[in-house]
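Student: Below are the structure tokens for one structure; questions will follow.
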Amino acid sequence: MTTSLADHLRSLPDESLAALLQLRPDLVVPVPADVSALATRAQSRVSVARALDGLDQFTLQILDAARLTRDPADGTTSTEAVLAMATAGPRPPAPTTVRGAVDRLRALFLLYGPENALTVVASVDEVSPYPAGLGRPAAELDPRTAALCADPAKLRRTLLAAPPSARAILDRLAAGPPVGSVPPGALQAPPVGEEDALPPDPVNGGAPTGSPVRWLVEHRLLVPISAGRSGSTGTVELPREIGLLLRRDSGPLGPLRTSPPPVASAPREPKAVDSAGAGQTMEVVRHTEGLLEQLTAEPAPVLRSGGIGVRDLRRLARTAGLDEPTAALLLEVAYAAGFLGELELPSASGRYGADQQVLPTAGYEVWRSASLAQRWEQLARAWLTMTRQVGLVGQRDDRDRPITVLSPEAERAGAPAARRAVLGVLADLEPATAPTPDEVLELLDWRSPRRSRGREAAHREVLAEAAQLGVTGLGALTSYGRLLLADVTDADDHPEDPLGLHADADSEEPSTAARALDALLPAPVDHFLVQADLTVVVPGPPDPTLAAELDAVAEPESAGGASVHRVTTASVRRALDAGYTADDLHALFRRRSRTPVPQSLTYLVDDVARKHGGLRAGSAGAYLRSDDEALLAEVFADRRLESLSLRRLAPTVLATPYQVGRLLGALRDAGYAPVPEDASGAAVLSRPRVRRAPARVSVATRTLDPLAAPKVPMPRLLGVVEQIRGGDAAARAARRAPAAVRGGGRGATGPVPVQGHADALAVLQQAVRDRALVWVGYVDAHGATASRLVKPVSIGAGYLRAEDERTEMLHTFALHRITAAVLAD
């Protein structure tokens, strides 16, 4: 007689139960009421599937061996039977390896019981219906097939007589899964007289054999499950006995691989890997900043279906010099990091009727002021934890609509787990090992075959994105990428802060990954080289202060490890508009330049500064004034400004009916350098107003795998076990309660209950005086009936206060919820 899982769990010590909860943390969310509830949850389909998802290929094969060796009478197996099946192949694994796999399965309670009577959890057969890829026994499928399998000699003769095309189908089904689909009508016999009209079979030497599937079905080697008539697809299944016979060369479980497949790729030089990755991180930060600056200048409208339109993505990619997939990746990562957000428009008058725009948030300004390594780290952390699959952008959804950047259709809850799995494979290899994508997929297929099945495309996308973001270099995981993955994983497994909300949230100290990357990047420079052709060469990444100054006084021409800028008339005028004076610009170039400032630059600054502010514009519509009457006369006579309809108010004042913005633009297009002034005559600095979206929280504060249950430390798990034991004791005590207290009615056996609410109060009052134990039946807040053995302490104000006999805790019961009270025997 087999022992139930609940009884087996009750017989275990607290440490063993806590170890189970630590290996399967989903069992404590929420905490089970008692051991029976824990056993029910441990055998549920969802929990068993989650446990199986974390097992490697070899352990799953050992579990299949346990399923195949079960005794039909009592459904149990033994370790020796599993060991015998696992070592029946041509390359048997070591017995200690098999026993280790059995121990892992027993620790997860997918197998439980003594070694000579192991029981497989029932839901395993529901989650994985075909053990080791073998079909059901022939006796469960077809009696005639079972009779064929019962005659080994006849079965072998039938297999030898199978045409090559039919034998190929058998070999494919024997490798698993054992079920195959056939086209409509393939299992039906051809019309009489047309048997010889079938096309020749090239695999069978040109002889016509008809349908190979039909041949197998007619000779009882395949069993049809559905015939596939009326245009529907048919299904056939290979019986287990035939599959085992076809596996005589590889063993009943198929090829067994006790360790991960080796990586044949030669390791690379660690320094070269880190250098390649570090160079890519600089490009990632630069391109991300360029995309966000474009959105600052021209925000992208949000489509009514969500996300950024295809035309806006194409515009942003073209301006930044990127391809569209890379631009989509950087935009998604920036949005996940909290640097992009939506801003509500006051009216739905934007392009395409959109009432929202995507533009940078206030967090973008903080991000720009950080070091290059810290900026990259924030992007990489957001990529690791965001629930977005960027590879879906550009594809079609189930309604045949294109999936756009930031659209809800690109949400995939399993994306963080896929990134962790791929990068975990690279991290477990020797440093600087660069496996090919196919080798990574093979490793994933061995480590977690259930999770990796059907996700090959997503895993390849992770490898490509990691290379684009600089997490990997030359195909290998970089040293700082390894540290970043360890930091994020540690934060994900932190027992006291599973959400990562307090992990270095307010710390300004760079992380270990940022420090490692900072040592690989060229040091930020605070100077530049000014050349005679007015180009400014920055021999390295500029520090934030220098970068801000260059944005104000020069135009960027090329970027990279060393960037090139050019000082132009427009850039000098823009700096003067922002509040710089000529002396400030001369001092800036003298302070920052390591080469002598060319005379042509000095003349350019002085010439633009001399003209700057010679004209003053205000609103009249708008007015134009100048102390230089000759200059004002020149403007008044300039035919290029006839559209402004200027008229002279005084020798030093002109007026126009148009607004100041149009006046300034027309004058500057004509080569003048006016500045606006306010009502007091003071110059108005024209630093552009920057709009920002509301602040957003980066997804890097989340756990790496949002679907994973939080890790709980062992002391807390022991407390959970104590709570479960207490609930189990309470359930046993409730079963000992009188039938009347449990709601059994008058006909129930046991002590006779009191009649009426007044009698129940009398029993409770007497129990308070005698300090006697009493069974109390009551209705809880959810409307469910319950019972408890208590020692009443006091009655008053409509409440009963009593001490629980089992937990020795004081409880309060509303008197109107008490249904019965019976003195304990």
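Convention: chains lettered A, B, ... in structure tokens order; per-chain residue numbering from 1; ligands numbered from 1 as shown.
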Which neighbours of A:Ala633 fall inside 12 Å, counting only C-alpha atoms, when residues of the same chain fewer than 6 positions from it are skipped, and could you give them as a list in words?
Tutor: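 Those residues are Leu615, Leu624, Arg625, Ser626, Asp627, Arg639, Leu646, Arg647, Arg648, Leu649, Ala650, Pro651, Thr652, Val653 and Leu654 of chain A.
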Student: Pick out the residues sitting within 9 Å of A:Ser645, and hand them over as a list in words; count only C-alpha atoms, and ignore anything fewer than 4 positions along from it in its own chain.
Tutor: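 These residues fall inside the cut-off: Leu641, Ala655, Thr656, Pro657 and Tyr658 of chain A.
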Student: Any idea what's packed within 7 Å of stretch 286-296 of chain A, counting only C-alpha atoms, ignoring anything in its chain fewer than 4 positions away? Could you give it as a PyMOL selection string?
Tutor: chain A and resi 282+300+316+320+330+359-360
Student: Give me, please, the distance in Å between atom CA of A:Asp171 and atom CA of A:Leu246, quoted to one decimal.
Tutor: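 Between atom CA of A:Asp171 and atom CA of A:Leu246 the gap is 7.0 Å.
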Student: Got a sec: who's within 10 Å of A:Arg156, counting only C-alpha atoms, leaving out chain neighbours fewer than 6 positions off, as a PyMOL selection string?
Tutor: chain A and resi 148-149+242+245-246
Student: Any chance you could tabulate, as a tab-separated table, the residues of stretch 343-448 of chain A at most 10 Å from stretch 515-519 of chain A with each one's nearest atom pair and distance in Å to one decimal, using only C-alpha atoms, in chain and rising number order?
Tutor:
```
residue	atom	partner	partner_atom	distance
A:Ser371	CA	A:Asp518	CA	8.5
A:Leu372	CA	A:Asp518	CA	7.6
A:Ala373	CA	A:Asp518	CA	5.4
A:Gln374	CA	A:Asp518	CA	8.4
A:Trp376	CA	A:Leu517	CA	9.2
A:Glu377	CA	A:Leu517	CA	9.0
```
Student: Quick one: everything within 12 Å of A:Leu764, counting only C-alpha atoms, minus sequence neighbours fewer than 4 positions away in the same chain. Send it as a PyMOL selection string.
Tutor: chain A and resi 754+757-760+768-777+790-796+799-802+813+815+818-824
Student: From stretch 373-512 of chain A, collect each residue whose DSSP state is alpha helix (DSSP H) and return the set as a ChimeraX atom specification.
Tutor: /A:373-385,415-428,437-447,449-452,456-469,479-492,512
Student: Which residue out of A:Ala132, A:Val697, A:Ala814, A:Val35 has the minimum interatomic distance to A:Arg10 when only C-alpha atoms are used?
Tutor: A:Val35
Student: Taking into account only C-alpha atoms, which residue in the set A:Val684, A:Val390, A:Ser211, A:Leu379 is nearest to A:Arg616?
Tutor: A:Val684
Student: Determine which residues of stretch 218-322 of chain A receive a DSSP assignment of strand (DSSP E), computed from the backbone, and state them as a list in words.
Tutor: Val223, Pro224, Ile225, Ser226, Gly234, Thr235, Val236, Glu237, Ala300 and Pro301 of chain A
Student: With distances taken over only C-alpha atoms, which residue among A:Arg104, A:Arg99, A:Arg396, A:Arg41 lies nearest A:Val29?
Tutor: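 Of the candidates, the smallest distance to A:Val29 is held by A:Arg41.
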Student: Could you tell me how far atom CA of A:Ser558 lies from atom CA of A:Asp323, in Å and to one decimal?
Tutor: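 Going from atom CA of A:Ser558 over to atom CA of A:Asp323 covers 17.8 Å.
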Student: Show me, as a ChimeraX atom specification, the residues that have an atom within 12 Å of A:Val358 when counting only C-alpha atoms, minus same-chain residues fewer than 3 positions from it.
Tutor: /A:291-303,306-309,312-313,331-332,334-335,338-345,350,354-355,361,405-406,691-694
Student: To one decimal in Å, tell me the separation between atom CA of A:Gly475 and atom CA of A:Ala434.
Tutor: 4.8 Å
Student: Using only C-alpha atoms, what does the table of stretch 464-580 of chain A residues within 9 Å of stretch 423-433 of chain A look like, with each row giving the shortest atom pair and its distance in Å to one decimal, sorted by chain and ascending number, as a Markdown table?
Tutor:
```
| residue | atom | partner | partner_atom | distance |
| --- | --- | --- | --- | --- |
| A:Ala466 | CA | A:Leu423 | CA | 8.6 |
| A:Gly473 | CA | A:Ala432 | CA | 8.7 |
| A:Leu474 | CA | A:Ala432 | CA | 8.8 |
| A:Gly475 | CA | A:Thr433 | CA | 7.9 |
| A:Ala476 | CA | A:Ala432 | CA | 5.3 |
| A:Leu477 | CA | A:Leu426 | CA | 6.1 |
| A:Thr478 | CA | A:Ala432 | CA | 7.1 |
| A:Ser479 | CA | A:Pro431 | CA | 7.7 |
| A:Gly481 | CA | A:Ala427 | CA | 8.9 |
| A:Arg482 | CA | A:Ala427 | CA | 6.2 |
| A:Leu485 | CA | A:Leu423 | CA | 7.7 |
```
Student: Please write the residues from the selection above to a file, keeping N, CA, C and O atoms, as a PDB file, in the first residue's frame.
Tutor:
```
ATOM      1  N   ALA A 466      22.627  41.642 -26.953  1.00  0.00           N
ATOM      2  CA  ALA A 466      23.752  41.746 -26.030  1.00  0.00           C
ATOM      3  C   ALA A 466      25.001  42.269 -26.745  1.00  0.00           C
ATOM      4  O   ALA A 466      25.763  43.051 -26.179  1.00  0.00           O
ATOM      5  N   GLY A 473      31.340  40.923 -26.199  1.00  0.00           N
ATOM      6  CA  GLY A 473      32.301  41.417 -27.172  1.00  0.00           C
ATOM      7  C   GLY A 473      32.955  40.254 -27.895  1.00  0.00           C
ATOM      8  O   GLY A 473      33.405  39.299 -27.242  1.00  0.00           O
ATOM      9  N   LEU A 474      32.933  40.296 -29.203  1.00  0.00           N
ATOM     10  CA  LEU A 474      33.474  39.213 -30.036  1.00  0.00           C
ATOM     11  C   LEU A 474      32.786  37.885 -29.730  1.00  0.00           C
ATOM     12  O   LEU A 474      33.379  36.810 -29.836  1.00  0.00           O
ATOM     13  N   GLY A 475      31.518  37.948 -29.322  1.00  0.00           N
ATOM     14  CA  GLY A 475      30.748  36.746 -29.045  1.00  0.00           C
ATOM     15  C   GLY A 475      30.893  36.189 -27.646  1.00  0.00           C
ATOM     16  O   GLY A 475      30.234  35.210 -27.301  1.00  0.00           O
ATOM     17  N   ALA A 476      31.748  36.780 -26.804  1.00  0.00           N
ATOM     18  CA  ALA A 476      31.973  36.296 -25.435  1.00  0.00           C
ATOM     19  C   ALA A 476      31.453  37.319 -24.442  1.00  0.00           C
ATOM     20  O   ALA A 476      31.383  38.522 -24.733  1.00  0.00           O
ATOM     21  N   LEU A 477      31.100  36.863 -23.267  1.00  0.00           N
ATOM     22  CA  LEU A 477      30.623  37.749 -22.214  1.00  0.00           C
ATOM     23  C   LEU A 477      31.803  38.540 -21.663  1.00  0.00           C
ATOM     24  O   LEU A 477      32.843  37.979 -21.304  1.00  0.00           O
ATOM     25  N   THR A 478      31.647  39.851 -21.596  1.00  0.00           N
ATOM     26  CA  THR A 478      32.725  40.702 -21.101  1.00  0.00           C
ATOM     27  C   THR A 478      32.851  40.572 -19.586  1.00  0.00           C
ATOM     28  O   THR A 478      31.951  40.076 -18.903  1.00  0.00           O
ATOM     29  N   SER A 479      33.975  41.035 -19.068  1.00  0.00           N
ATOM     30  CA  SER A 479      34.194  40.942 -17.618  1.00  0.00           C
ATOM     31  C   SER A 479      33.214  41.819 -16.861  1.00  0.00           C
ATOM     32  O   SER A 479      32.663  41.411 -15.831  1.00  0.00           O
ATOM     33  N   GLY A 481      30.298  42.766 -18.030  1.00  0.00           N
ATOM     34  CA  GLY A 481      28.982  42.159 -18.238  1.00  0.00           C
ATOM     35  C   GLY A 481      28.732  41.020 -17.265  1.00  0.00           C
ATOM     36  O   GLY A 481      27.619  40.838 -16.768  1.00  0.00           O
ATOM     37  N   ARG A 482      29.771  40.261 -16.962  1.00  0.00           N
ATOM     38  CA  ARG A 482      29.640  39.180 -15.979  1.00  0.00           C
ATOM     39  C   ARG A 482      29.337  39.750 -14.597  1.00  0.00           C
ATOM     40  O   ARG A 482      28.497  39.216 -13.853  1.00  0.00           O
ATOM     41  N   LEU A 485      25.659  41.020 -14.544  1.00  0.00           N
ATOM     42  CA  LEU A 485      24.697  39.926 -14.416  1.00  0.00           C
ATOM     43  C   LEU A 485      24.684  39.390 -12.987  1.00  0.00           C
ATOM     44  O   LEU A 485      23.611  39.088 -12.439  1.00  0.00           O
TER      45      LEU A 485
END
```
